[in-house]
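Peer 1: Once you've had a glance at the structure underneath, I'll fire off some questions.
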Amino acid sequence: MRVLQRVVLPADRDLDVQKLYVESRGGRGGTATAGPGAREVRIAGRRGVVVAPGGRASFCTYFNAFPASYWRRWTVVESVRLRLRLRGDAIVVVYRSTGKGFTQRVTQLEVDADTAVDRELELPLEPFIDGGWYWFDVAAGDREVVLDRAEWCADADRPHGSASIGITTFNRPDYCVDQLHALGEASDVLDVIDEIFVIDQGTRRVADRPDFAAAERALGGRLRLIDQGNIGGSGGFSRAMTETLDAGRSDYVLLLDDDVVVEPEGVLRAVVFADLARTPTIVGGHMMDIFHRSVLHVFGETIARYRWWMTPAPHTFLGHDLAAHPLRETPWLHRRVDVDYNAWWMCLIPLDVIRKVGLSLPFFIKWDDIEYGVRAREAGFPTVSLPGAAVWHVPWHSKDDTLDWQAYFTERNRLITALMYSPYARGGNMLKESLFIATKHALAMQYSTAELMLRAVEDVLRGPADLHRSMTTKMAELRALRAGFTDARAEPDVDEFPEIKRRRPPKKGRAPVAPEGRRAMIRTALSGAARQLRPVDSYSREHPEVAVPHVDQTWWLLSRYDSALVSSADGTKAAWYQRDPKRFRSLVQRNMALHARLMREWPELSRRYREAIPELASVDQWRETFEAARREDT
């Protein structure tokens, strides 16, 4: 028998996180009857729970329900066996759900024993073609029940695979060492790990952390630090792929962001899922909100083909709070969700896939994981975002990556990926959307962001030859470029800026309102463009007119002002936006010309980029880039 998934319990006492593992459903009388203040369900270690007399524990939870439909669709497993070890006066009730989210009672078993006994139930996977989970509840009678362990298992004759872990880090030594500590404490997880590569590309080195040595010892010789110059996430993860290939020990490489908190059990689940997959399969983990830890931030992602943009998978929703709306009460979580890719905050890639499709493209950051998933799928290798495997990560709404230097890479790499894979002539609606987005940034006095987007278009038009060569130089270019823009100069203290004053009050005291409908949107854009072309009142050069919180920094609002103090997404700093008619005219003219040229040259560019994929993703080409990064670091 092969263990597919073990019931695990949280390592901390965060009540919201506990609801991701086990829930108290209320038993006879609703609350525990084991004396004043006794708890109905008590966690007893990493794998066990104690249910008080009259209480009831449910494992219809994100981490402990069994995602049967994913095993049914993507693996060779045809039935699953639930194995339990427990003692006391217990009734175990097994349930399943359908793809529509309806619950069905399957069976139950009873135990009345003072010493631990083992029980097993065989359960078919046939009914789960569209979705559905298995789970069980444990109800205590007159005596408490102790569940020592529970496992979902299957007959399998496939060999046991192993993985190497690749962590790319840049100036986050605290997060990275904490993650190494967590892996070192999970001894059973280390049984499937051959080596852990930490690709350190920062100036604040992981090895300099005081507690690094203890983390290294706990990993039992599995850790290898590799220092190299900063060539972004794609450079770091490609290095981890290359080192894993060279070592020749592992079946998989597991990519992890440096700033995540991983549930270690998810590593085991990803490996065994990949072992039993019908074809070599990329297995990804979900993303939880590290600041609100019961929130499932991302369940699955796809590409909206016509506009070529990442989007939540159909019938899924961002930011779902499982403490407030658990699995049992959320029908959409019971549908099987198929994805185009899984982000590399946690992603297990078979080496068979890497040997066939190559390494990451030299994108530095942004869209490297998306492109890889699409490329692998074209080669016949699917991606599965596996429920029950997850990390906690900083949510997107706490980042400014659409406004800061990352806007360049987002625009460039999105365009390149569309040129390679878009099924629509000239990218469908993507070019029009790109044109509009750059225009909106210009209207909002976000001139640095608009300029970054146009530089990205210019670089795309040059073709694929410079992608690897620019890996070690592009960041310095972007920093120098942004230094010339006032909207890119942020300060942590608003008192660093002049006092906010406005020469004239709002007309009739009215606050701006969002335009509703297409016509109103066009009128607002034309009005904002006309304003951008008028001379700037000198008073607005001396004082910001208004303070705009990040949540309100829309183009239609900012286009009404000559200057504004705008805060960042994480609330740590603010920048002074100032209207510049000359810069606005230049940006708009270049924006129109560049997108027109991109439209004309799309077919030829598409051919060139597609033909370049094998070379761009080759190990030999990447080795040259690693050597350039080493020289840069030296």
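FYI, nothing fancy with the structure tokens labels: chains A, B, ... in order, residues from 1 per chain, ligands from 1 as they appear.
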How would you write, as a PyMOL selection string, the set of residues in range 326-569 of chain A that DSSP gives as alpha helix (DSSP H)?
Peer 2: chain A and resi 351-357+368-378+406-421+430-443+447-461+474-482+518-533+539-542+555-558
Peer 1: Take the residues from that selection and write them out as a compact mmCIF listing (two decimals), in the first residue's frame, keeping C-alpha atoms.
Peer 2:
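As a result, part00.txt now contains:
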```txt
# COMPACT_ATOMS: atom_id res chain seq x y z
CA LEU A 351 13.07 16.00 -14.72
CA ASP A 352 11.56 14.15 -17.69
CA VAL A 353 9.71 17.38 -18.49
CA ILE A 354 12.86 19.49 -18.17
CA ARG A 355 14.78 17.13 -20.45
CA LYS A 356 12.05 17.45 -23.08
CA VAL A 357 11.14 21.17 -22.96
CA ASP A 368 8.47 32.69 -16.52
CA ASP A 369 6.28 30.19 -14.64
CA ILE A 370 3.29 30.92 -16.90
CA GLU A 371 5.29 30.44 -20.08
CA TYR A 372 6.78 27.20 -18.74
CA GLY A 373 3.35 25.75 -17.96
CA VAL A 374 2.05 26.64 -21.42
CA ARG A 375 5.18 25.25 -23.11
CA ALA A 376 4.99 22.01 -21.13
CA ARG A 377 1.32 21.62 -21.97
CA GLU A 378 2.07 22.03 -25.69
CA GLN A 406 8.54 45.11 -12.44
CA ALA A 407 6.12 46.72 -14.92
CA TYR A 408 8.85 46.41 -17.56
CA PHE A 409 9.17 42.65 -17.14
CA THR A 410 5.41 42.14 -16.91
CA GLU A 411 4.86 43.94 -20.22
CA ARG A 412 7.84 42.49 -22.07
CA ASN A 413 7.33 38.90 -20.99
CA ARG A 414 3.59 38.98 -21.52
CA LEU A 415 4.13 40.18 -25.09
CA ILE A 416 6.80 37.56 -25.78
CA THR A 417 4.64 34.76 -24.39
CA ALA A 418 1.70 35.91 -26.51
CA LEU A 419 3.93 36.02 -29.59
CA MET A 420 4.90 32.42 -28.90
CA TYR A 421 1.55 30.90 -27.97
CA MET A 430 -3.94 42.04 -26.12
CA LEU A 431 -2.28 44.79 -28.16
CA LYS A 432 -5.26 47.11 -27.78
CA GLU A 433 -5.29 46.44 -24.06
CA SER A 434 -1.56 47.09 -23.80
CA LEU A 435 -2.00 50.39 -25.65
CA PHE A 436 -4.79 51.44 -23.30
CA ILE A 437 -2.91 50.46 -20.14
CA ALA A 438 0.15 52.53 -21.09
CA THR A 439 -2.17 55.45 -21.91
CA LYS A 440 -3.94 55.16 -18.56
CA HIS A 441 -0.60 55.28 -16.73
CA ALA A 442 0.29 58.44 -18.63
CA LEU A 443 -3.08 60.00 -17.78
CA TYR A 447 5.07 58.43 -16.29
CA SER A 448 7.80 56.08 -15.11
CA THR A 449 5.46 53.09 -15.46
CA ALA A 450 4.36 54.16 -18.92
CA GLU A 451 8.00 54.63 -19.96
CA LEU A 452 8.90 51.16 -18.65
CA MET A 453 6.10 49.64 -20.71
CA LEU A 454 7.28 51.40 -23.87
CA ARG A 455 10.88 50.30 -23.28
CA ALA A 456 9.52 46.77 -22.98
CA VAL A 457 7.78 47.06 -26.36
CA GLU A 458 10.96 48.42 -27.92
CA ASP A 459 12.96 45.47 -26.58
CA VAL A 460 10.38 42.98 -27.84
CA LEU A 461 10.64 44.48 -31.31
CA LYS A 474 18.70 45.15 -17.40
CA MET A 475 18.03 45.87 -13.72
CA ALA A 476 20.71 48.57 -13.61
CA GLU A 477 19.20 50.15 -16.75
CA LEU A 478 15.74 50.19 -15.21
CA ARG A 479 16.95 51.70 -11.94
CA ALA A 480 18.75 54.47 -13.82
CA LEU A 481 15.68 55.08 -15.95
CA ARG A 482 13.28 55.39 -13.02
CA ARG A 518 -18.34 53.15 -22.11
CA ARG A 519 -19.33 56.65 -23.16
CA ALA A 520 -18.61 58.14 -19.76
CA MET A 521 -15.24 56.36 -19.74
CA ILE A 522 -14.34 57.83 -23.13
CA ARG A 523 -15.43 61.33 -22.09
CA THR A 524 -13.35 61.09 -18.93
CA ALA A 525 -10.30 59.90 -20.88
CA LEU A 526 -10.63 62.70 -23.44
CA SER A 527 -11.11 65.27 -20.68
CA GLY A 528 -8.05 63.93 -18.85
CA ALA A 529 -5.97 64.01 -22.05
CA ALA A 530 -7.02 67.61 -22.72
CA ARG A 531 -6.04 68.57 -19.20
CA GLN A 532 -2.67 66.85 -19.60
CA LEU A 533 -1.89 69.12 -22.54
CA TYR A 539 1.36 76.34 -7.45
CA SER A 540 1.03 72.56 -8.00
CA ARG A 541 4.80 72.38 -8.41
CA GLU A 542 5.18 73.75 -4.91
CA TRP A 555 -6.41 56.81 -13.76
CA TRP A 556 -9.75 58.62 -13.93
CA LEU A 557 -9.18 60.18 -10.49
CA LEU A 558 -5.51 61.08 -10.85
```
Peer 1: Within 9 Å of Val619 in chain A, counting only C-alpha atoms, which residues qualify if same-chain residues fewer than 3 places away don't, as a tab-separated table (two decimals) with all heavy atoms, in the first residue's frame?
Peer 2:
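Output (around23.tsv):
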```
chain	number	residue	atom	x	y	z
A	238	SER	N	16.26	28.33	-12.89
A	238	SER	CA	16.94	27.57	-13.93
A	238	SER	C	18.25	26.99	-13.41
A	238	SER	O	18.66	25.89	-13.80
A	238	SER	CB	17.21	28.47	-15.15
A	238	SER	OG	16.02	28.75	-15.84
A	242	THR	N	19.22	23.08	-13.37
A	242	THR	CA	20.48	22.60	-13.93
A	242	THR	C	21.26	21.77	-12.91
A	242	THR	O	21.80	20.69	-13.24
A	242	THR	CB	21.33	23.79	-14.40
A	242	THR	OG1	20.61	24.54	-15.37
A	242	THR	CG2	22.64	23.32	-15.02
A	358	GLY	N	13.20	21.80	-21.75
A	358	GLY	CA	14.25	22.74	-21.39
A	358	GLY	C	13.98	23.45	-20.08
A	358	GLY	O	13.09	23.10	-19.31
A	359	LEU	N	14.80	24.48	-19.83
A	359	LEU	CA	14.73	25.26	-18.61
A	359	LEU	C	13.76	26.43	-18.81
A	359	LEU	O	13.09	26.56	-19.84
A	359	LEU	CB	16.12	25.78	-18.23
A	359	LEU	CG	17.26	24.74	-18.18
A	359	LEU	CD1	18.56	25.42	-17.78
A	359	LEU	CD2	16.93	23.62	-17.23
A	615	GLU	N	16.81	27.22	-28.08
A	615	GLU	CA	18.09	27.81	-27.69
A	615	GLU	C	17.97	28.61	-26.41
A	615	GLU	O	18.83	28.51	-25.51
A	615	GLU	CB	18.62	28.70	-28.82
A	615	GLU	CG	19.93	29.42	-28.51
A	615	GLU	CD	21.10	28.47	-28.31
A	615	GLU	OE1	21.00	27.30	-28.74
A	615	GLU	OE2	22.11	28.88	-27.73
A	616	LEU	N	16.91	29.41	-26.27
A	616	LEU	CA	16.71	30.23	-25.07
A	616	LEU	C	16.60	29.36	-23.82
A	616	LEU	O	17.03	29.76	-22.74
A	616	LEU	CB	15.45	31.09	-25.22
A	616	LEU	CG	15.48	32.20	-26.26
A	616	LEU	CD1	14.10	32.84	-26.38
A	616	LEU	CD2	16.53	33.26	-25.92
A	622	TRP	N	22.07	28.65	-20.82
A	622	TRP	CA	21.94	29.10	-19.44
A	622	TRP	C	23.29	29.04	-18.71
A	622	TRP	O	23.58	29.88	-17.85
A	622	TRP	CB	20.90	28.28	-18.69
A	622	TRP	CG	19.53	28.89	-18.76
A	622	TRP	CD1	18.46	28.44	-19.48
A	622	TRP	CD2	19.09	30.06	-18.06
A	622	TRP	NE1	17.38	29.27	-19.28
A	622	TRP	CE2	17.74	30.26	-18.42
A	622	TRP	CE3	19.70	30.94	-17.20
A	622	TRP	CZ2	16.99	31.33	-17.92
A	622	TRP	CZ3	18.98	32.02	-16.69
A	622	TRP	CH2	17.64	32.20	-17.06
A	623	ARG	N	24.12	28.06	-19.02
A	623	ARG	CA	25.43	27.99	-18.35
A	623	ARG	C	26.25	29.25	-18.64
A	623	ARG	O	26.96	29.76	-17.76
A	623	ARG	CB	26.19	26.75	-18.80
A	623	ARG	CG	25.61	25.44	-18.27
A	623	ARG	CD	26.61	24.30	-18.52
A	623	ARG	NE	25.98	23.01	-18.39
A	623	ARG	CZ	25.72	22.39	-17.24
A	623	ARG	NH1	26.03	22.99	-16.11
A	623	ARG	NH2	25.15	21.19	-17.23
A	624	GLU	N	26.15	29.76	-19.84
A	624	GLU	CA	26.85	31.00	-20.17
A	624	GLU	C	26.31	32.16	-19.33
A	624	GLU	O	27.08	33.02	-18.87
A	624	GLU	CB	26.71	31.31	-21.66
A	624	GLU	CG	27.40	30.31	-22.57
A	624	GLU	CD	27.24	30.68	-24.03
A	624	GLU	OE1	26.86	31.83	-24.32
A	624	GLU	OE2	27.50	29.82	-24.89
```
Peer 1: Just asking: which residues within range 134-188 of chain A are strand (DSSP E) according to DSSP, as a list in words?
Peer 2: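 Here are the strand (DSSP E) residues of range 134-188 of chain A: Tyr134, Trp135, Phe136, Asp137, Val138, Ala139, Ala140, Gly141, Asp142, Arg143, Glu144, Val145, Val146, Leu147, Asp148, Arg149, Ala150, Glu151, Trp152, Cys153, Ala154, Ala163, Ser164, Ile165, Gly166, Ile167, Thr168 and Thr169 of chain A.
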Peer 1: Here is a test: counting only C-alpha atoms, which residue of A:Arg46, A:Arg13, A:Arg73, A:Arg205 is nearest to Val384 in chain A?
Peer 2: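 Using only C-alpha atoms, the shortest distance to Val384 in chain A belongs to A:Arg73.
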Peer 1: His286 in chain A: which residues within 12 Å, counting only C-alpha atoms, same-chain residues fewer than 5 positions away excluded, as a ChimeraX atom specification?
Peer 2: /A:62-63,256,260-263,266-267,270,295-301,312,318-319,337,339,341-347,384-393
Peer 1: Could you save the residues just selected, with N, CA, C and O atoms, as a compact mmCIF listing (two decimals), in the first residue's frame?
Peer 2:
```
# COMPACT_ATOMS: atom_id res chain seq x y z
N TYR A 62 -9.56 21.80 4.28
CA TYR A 62 -8.68 21.96 3.13
C TYR A 62 -7.51 20.98 3.16
O TYR A 62 -7.19 20.33 2.16
N PHE A 63 -6.84 20.85 4.29
CA PHE A 63 -5.63 20.02 4.34
C PHE A 63 -5.91 18.54 4.56
O PHE A 63 -5.04 17.71 4.31
N LEU A 256 10.59 26.56 -4.88
CA LEU A 256 9.94 27.29 -3.79
C LEU A 256 10.42 28.72 -3.76
O LEU A 256 11.63 28.99 -3.86
N VAL A 260 8.05 32.30 1.46
CA VAL A 260 6.83 31.55 1.74
C VAL A 260 7.00 30.77 3.03
O VAL A 260 8.11 30.48 3.48
N VAL A 261 5.87 30.42 3.61
CA VAL A 261 5.82 29.45 4.72
C VAL A 261 5.13 28.21 4.16
O VAL A 261 3.97 28.26 3.75
N VAL A 262 5.84 27.12 4.10
CA VAL A 262 5.33 25.92 3.45
C VAL A 262 4.72 24.98 4.48
O VAL A 262 5.22 24.87 5.61
N GLU A 263 3.62 24.34 4.11
CA GLU A 263 3.11 23.21 4.88
C GLU A 263 3.91 22.00 4.41
O GLU A 263 3.71 21.51 3.28
N GLY A 266 2.69 19.03 2.30
CA GLY A 266 2.40 19.23 0.88
C GLY A 266 3.51 18.74 -0.02
O GLY A 266 3.26 18.35 -1.17
N VAL A 267 4.74 18.74 0.46
CA VAL A 267 5.85 18.23 -0.33
C VAL A 267 5.68 16.74 -0.58
O VAL A 267 5.82 16.25 -1.70
N ALA A 270 2.79 16.17 -3.06
CA ALA A 270 3.14 16.49 -4.45
C ALA A 270 4.00 15.38 -5.07
O ALA A 270 3.80 14.99 -6.23
N VAL A 295 -7.07 32.42 4.67
CA VAL A 295 -7.56 32.82 3.35
C VAL A 295 -6.81 32.07 2.26
O VAL A 295 -5.57 32.12 2.18
N LEU A 296 -7.57 31.38 1.42
CA LEU A 296 -7.03 30.72 0.24
C LEU A 296 -6.99 31.77 -0.88
O LEU A 296 -8.01 32.10 -1.47
N HIS A 297 -5.81 32.30 -1.14
CA HIS A 297 -5.70 33.43 -2.07
C HIS A 297 -5.87 32.98 -3.52
O HIS A 297 -6.56 33.63 -4.29
N VAL A 298 -5.23 31.88 -3.89
CA VAL A 298 -5.30 31.39 -5.28
C VAL A 298 -5.53 29.89 -5.25
O VAL A 298 -4.76 29.14 -4.65
N PHE A 299 -6.57 29.44 -5.95
CA PHE A 299 -6.89 28.01 -6.03
C PHE A 299 -6.43 27.41 -7.36
O PHE A 299 -6.12 26.23 -7.44
N GLY A 300 -6.40 28.21 -8.40
CA GLY A 300 -5.97 27.73 -9.71
C GLY A 300 -5.99 28.87 -10.70
O GLY A 300 -6.77 29.81 -10.55
N GLU A 301 -5.12 28.79 -11.71
CA GLU A 301 -5.00 29.90 -12.66
C GLU A 301 -4.95 29.39 -14.10
O GLU A 301 -4.44 28.31 -14.39
N PRO A 312 -7.98 33.92 -12.58
CA PRO A 312 -8.40 32.75 -11.80
C PRO A 312 -9.07 31.72 -12.71
O PRO A 312 -9.78 32.08 -13.65
N LEU A 318 -10.72 34.48 -5.96
CA LEU A 318 -9.55 34.88 -5.17
C LEU A 318 -9.97 35.23 -3.75
O LEU A 318 -11.07 35.73 -3.51
N GLY A 319 -9.07 34.98 -2.82
CA GLY A 319 -9.24 35.47 -1.45
C GLY A 319 -10.40 34.84 -0.71
O GLY A 319 -11.17 35.54 -0.05
N VAL A 337 -10.74 21.59 -10.70
CA VAL A 337 -10.27 22.77 -11.41
C VAL A 337 -9.03 22.41 -12.22
O VAL A 337 -8.03 21.94 -11.66
N VAL A 339 -5.95 23.69 -14.74
CA VAL A 339 -5.18 24.93 -14.84
C VAL A 339 -4.26 24.89 -16.05
O VAL A 339 -3.98 23.82 -16.61
N TYR A 341 -1.18 26.54 -15.69
CA TYR A 341 0.15 26.63 -15.08
C TYR A 341 -0.01 26.72 -13.58
O TYR A 341 -1.12 26.91 -13.08
N ASN A 342 1.08 26.59 -12.86
CA ASN A 342 1.10 26.85 -11.42
C ASN A 342 2.29 27.75 -11.14
O ASN A 342 3.40 27.48 -11.60
N ALA A 343 2.06 28.82 -10.40
CA ALA A 343 3.16 29.73 -10.07
C ALA A 343 4.24 29.01 -9.29
O ALA A 343 3.99 28.01 -8.61
N TRP A 344 5.44 29.57 -9.36
CA TRP A 344 6.59 28.90 -8.77
C TRP A 344 6.82 29.27 -7.32
O TRP A 344 7.94 29.15 -6.81
N TRP A 345 5.76 29.69 -6.61
CA TRP A 345 5.89 29.77 -5.16
C TRP A 345 6.02 28.35 -4.59
O TRP A 345 6.66 28.13 -3.60
N MET A 346 5.40 27.36 -5.27
CA MET A 346 5.58 25.94 -4.96
C MET A 346 5.20 25.15 -6.19
O MET A 346 4.03 25.11 -6.58
N CYS A 347 6.17 24.52 -6.82
CA CYS A 347 5.88 23.81 -8.07
C CYS A 347 6.88 22.68 -8.26
O CYS A 347 8.09 22.90 -8.30
N VAL A 384 -1.07 20.26 -12.67
CA VAL A 384 -2.16 20.08 -11.72
C VAL A 384 -1.86 20.91 -10.48
O VAL A 384 -0.79 20.78 -9.88
N SER A 385 -2.78 21.81 -10.12
CA SER A 385 -2.70 22.51 -8.84
C SER A 385 -3.42 21.64 -7.82
O SER A 385 -4.65 21.51 -7.87
N LEU A 386 -2.66 21.05 -6.91
CA LEU A 386 -3.18 19.98 -6.06
C LEU A 386 -3.70 20.52 -4.74
O LEU A 386 -2.94 21.06 -3.94
N PRO A 387 -5.00 20.36 -4.47
CA PRO A 387 -5.53 20.75 -3.15
C PRO A 387 -4.84 19.98 -2.03
O PRO A 387 -4.54 18.79 -2.16
N GLY A 388 -4.58 20.67 -0.94
CA GLY A 388 -3.89 20.05 0.18
C GLY A 388 -2.39 20.22 0.15
O GLY A 388 -1.70 19.81 1.09
N ALA A 389 -1.87 20.82 -0.93
CA ALA A 389 -0.46 21.21 -1.00
C ALA A 389 -0.45 22.72 -1.15
O ALA A 389 -1.01 23.25 -2.11
N ALA A 390 0.18 23.43 -0.22
CA ALA A 390 0.04 24.88 -0.24
C ALA A 390 1.18 25.55 0.52
O ALA A 390 1.87 24.93 1.34
N VAL A 391 1.34 26.83 0.22
CA VAL A 391 2.26 27.70 0.96
C VAL A 391 1.51 28.98 1.33
O VAL A 391 0.53 29.35 0.69
N TRP A 392 2.00 29.63 2.38
CA TRP A 392 1.52 30.97 2.71
C TRP A 392 2.47 31.98 2.10
O TRP A 392 3.70 31.88 2.25
N HIS A 393 1.91 32.99 1.42
CA HIS A 393 2.71 33.92 0.62
C HIS A 393 2.08 35.31 0.71
O HIS A 393 0.89 35.44 0.99
```
Peer 1: Kindly give the distance, in Å, that separates CA of Glu243 in chain A and CA of Tyr609 in chain A, rounded to a single decimal.
Peer 2: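 We find that CA of Glu243 in chain A and CA of Tyr609 in chain A lie 26.5 Å from each other.
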Peer 1: Considering only C-alpha atoms, can you say which of A:Trp135, A:Phe237, A:Phe485, A:Tyr21 comes closest to Leu255 in chain A?
Peer 2: A:Phe237
Peer 1: Could you give me, as a list in words, the residues within 10 Å of range 218-222 of chain A, counting only C-alpha atoms and dropping anything in the same chain fewer than 5 positions from it?
Peer 2: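 Neighbouring residues, sequence-local ones excluded: Ser164, Ile165, Leu180, His181, Ala182, Leu183, Gly184, Glu185, Ala186, Ser187, Leu190, Ile193, Asp194, Glu195, Ile196, Phe197 and Ala213 of chain A.
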Peer 1: Just the selected residues (N, CA, C and O atoms), exported as a PDB file, in the first residue's frame, please.
Peer 2:
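Generated output (again_36.pdb):
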```
ATOM      1  N   SER A 164      14.739  17.120  -5.504  1.00  0.00           N
ATOM      2  CA  SER A 164      15.605  18.162  -4.969  1.00  0.00           C
ATOM      3  C   SER A 164      14.789  19.442  -4.903  1.00  0.00           C
ATOM      4  O   SER A 164      13.874  19.648  -5.710  1.00  0.00           O
ATOM      5  N   ILE A 165      15.099  20.276  -3.938  1.00  0.00           N
ATOM      6  CA  ILE A 165      14.382  21.533  -3.763  1.00  0.00           C
ATOM      7  C   ILE A 165      15.259  22.677  -4.239  1.00  0.00           C
ATOM      8  O   ILE A 165      16.460  22.712  -3.930  1.00  0.00           O
ATOM      9  N   LEU A 180      14.155  26.877   5.859  1.00  0.00           N
ATOM     10  CA  LEU A 180      15.083  25.758   6.023  1.00  0.00           C
ATOM     11  C   LEU A 180      14.882  25.074   7.369  1.00  0.00           C
ATOM     12  O   LEU A 180      14.940  23.843   7.464  1.00  0.00           O
ATOM     13  N   HIS A 181      14.639  25.865   8.420  1.00  0.00           N
ATOM     14  CA  HIS A 181      14.345  25.280   9.731  1.00  0.00           C
ATOM     15  C   HIS A 181      13.105  24.381   9.655  1.00  0.00           C
ATOM     16  O   HIS A 181      13.089  23.272  10.206  1.00  0.00           O
ATOM     17  N   ALA A 182      12.052  24.879   8.989  1.00  0.00           N
ATOM     18  CA  ALA A 182      10.803  24.114   8.893  1.00  0.00           C
ATOM     19  C   ALA A 182      11.027  22.792   8.163  1.00  0.00           C
ATOM     20  O   ALA A 182      10.499  21.746   8.562  1.00  0.00           O
ATOM     21  N   LEU A 183      11.813  22.821   7.103  1.00  0.00           N
ATOM     22  CA  LEU A 183      12.100  21.586   6.375  1.00  0.00           C
ATOM     23  C   LEU A 183      12.945  20.645   7.227  1.00  0.00           C
ATOM     24  O   LEU A 183      12.739  19.427   7.216  1.00  0.00           O
ATOM     25  N   GLY A 184      13.892  21.197   7.968  1.00  0.00           N
ATOM     26  CA  GLY A 184      14.738  20.354   8.807  1.00  0.00           C
ATOM     27  C   GLY A 184      13.978  19.670   9.916  1.00  0.00           C
ATOM     28  O   GLY A 184      14.363  18.572  10.358  1.00  0.00           O
ATOM     29  N   GLU A 185      12.902  20.296  10.391  1.00  0.00           N
ATOM     30  CA  GLU A 185      12.096  19.700  11.454  1.00  0.00           C
ATOM     31  C   GLU A 185      11.161  18.619  10.939  1.00  0.00           C
ATOM     32  O   GLU A 185      10.613  17.838  11.724  1.00  0.00           O
ATOM     33  N   ALA A 186      10.934  18.579   9.627  1.00  0.00           N
ATOM     34  CA  ALA A 186      10.025  17.581   9.036  1.00  0.00           C
ATOM     35  C   ALA A 186      10.851  16.386   8.555  1.00  0.00           C
ATOM     36  O   ALA A 186      11.111  16.233   7.356  1.00  0.00           O
ATOM     37  N   SER A 187      11.268  15.546   9.475  1.00  0.00           N
ATOM     38  CA  SER A 187      12.186  14.460   9.136  1.00  0.00           C
ATOM     39  C   SER A 187      11.596  13.502   8.111  1.00  0.00           C
ATOM     40  O   SER A 187      12.314  12.970   7.249  1.00  0.00           O
ATOM     41  N   LEU A 190      12.025  14.923   4.699  1.00  0.00           N
ATOM     42  CA  LEU A 190      13.408  14.818   4.222  1.00  0.00           C
ATOM     43  C   LEU A 190      13.707  13.456   3.618  1.00  0.00           C
ATOM     44  O   LEU A 190      14.674  13.312   2.855  1.00  0.00           O
ATOM     45  N   ILE A 193      13.715  13.897  -0.008  1.00  0.00           N
ATOM     46  CA  ILE A 193      14.511  15.008  -0.518  1.00  0.00           C
ATOM     47  C   ILE A 193      15.973  14.587  -0.645  1.00  0.00           C
ATOM     48  O   ILE A 193      16.592  14.125   0.324  1.00  0.00           O
ATOM     49  N   ASP A 194      16.521  14.727  -1.833  1.00  0.00           N
ATOM     50  CA  ASP A 194      17.928  14.401  -2.059  1.00  0.00           C
ATOM     51  C   ASP A 194      18.839  15.567  -1.701  1.00  0.00           C
ATOM     52  O   ASP A 194      19.876  15.386  -1.059  1.00  0.00           O
ATOM     53  N   GLU A 195      18.456  16.765  -2.142  1.00  0.00           N
ATOM     54  CA  GLU A 195      19.308  17.925  -1.948  1.00  0.00           C
ATOM     55  C   GLU A 195      18.454  19.179  -1.952  1.00  0.00           C
ATOM     56  O   GLU A 195      17.382  19.210  -2.569  1.00  0.00           O
ATOM     57  N   ILE A 196      18.915  20.201  -1.245  1.00  0.00           N
ATOM     58  CA  ILE A 196      18.231  21.492  -1.237  1.00  0.00           C
ATOM     59  C   ILE A 196      19.222  22.537  -1.730  1.00  0.00           C
ATOM     60  O   ILE A 196      20.263  22.770  -1.100  1.00  0.00           O
ATOM     61  N   PHE A 197      18.912  23.129  -2.875  1.00  0.00           N
ATOM     62  CA  PHE A 197      19.754  24.174  -3.444  1.00  0.00           C
ATOM     63  C   PHE A 197      19.165  25.536  -3.084  1.00  0.00           C
ATOM     64  O   PHE A 197      18.009  25.817  -3.415  1.00  0.00           O
ATOM     65  N   ALA A 213      23.542  28.149  10.716  1.00  0.00           N
ATOM     66  CA  ALA A 213      24.292  26.919  10.977  1.00  0.00           C
ATOM     67  C   ALA A 213      23.406  25.836  11.570  1.00  0.00           C
ATOM     68  O   ALA A 213      23.517  24.652  11.212  1.00  0.00           O
TER      69      ALA A 213
END
```
Peer 1: Could you check which of A:Asp114, A:Glu632, A:Asp258, A:Asp321 is closest to Val394 in chain A, using only C-alpha atoms?
Peer 2: A:Asp258
Peer 1: Here is a test: counting only C-alpha atoms, which residue of A:Phe584, A:Trp405, A:Phe363, A:Tyr424 is nearest to Trp308 in chain A?
Peer 2: A:Tyr424
Peer 1: Find the residues near range 120-132 of chain A: any atom within 6 Å, counting only C-alpha atoms, skip ones fewer than 2 places away on the same chain, and give them as a list in words.
Peer 2: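 Here the qualifying residues turn out to be Ser69, Arg72, Glu78, Ser79, Val80, Arg81, Leu82, Arg83, Ser97, Thr98, Gly99, His334, Arg335 and Arg336 of chain A.
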Peer 1: What is the distance between CA of Lys501 in chain A and CA of Arg585 in chain A, in Å to one decimal?
Peer 2: 26.8 Å
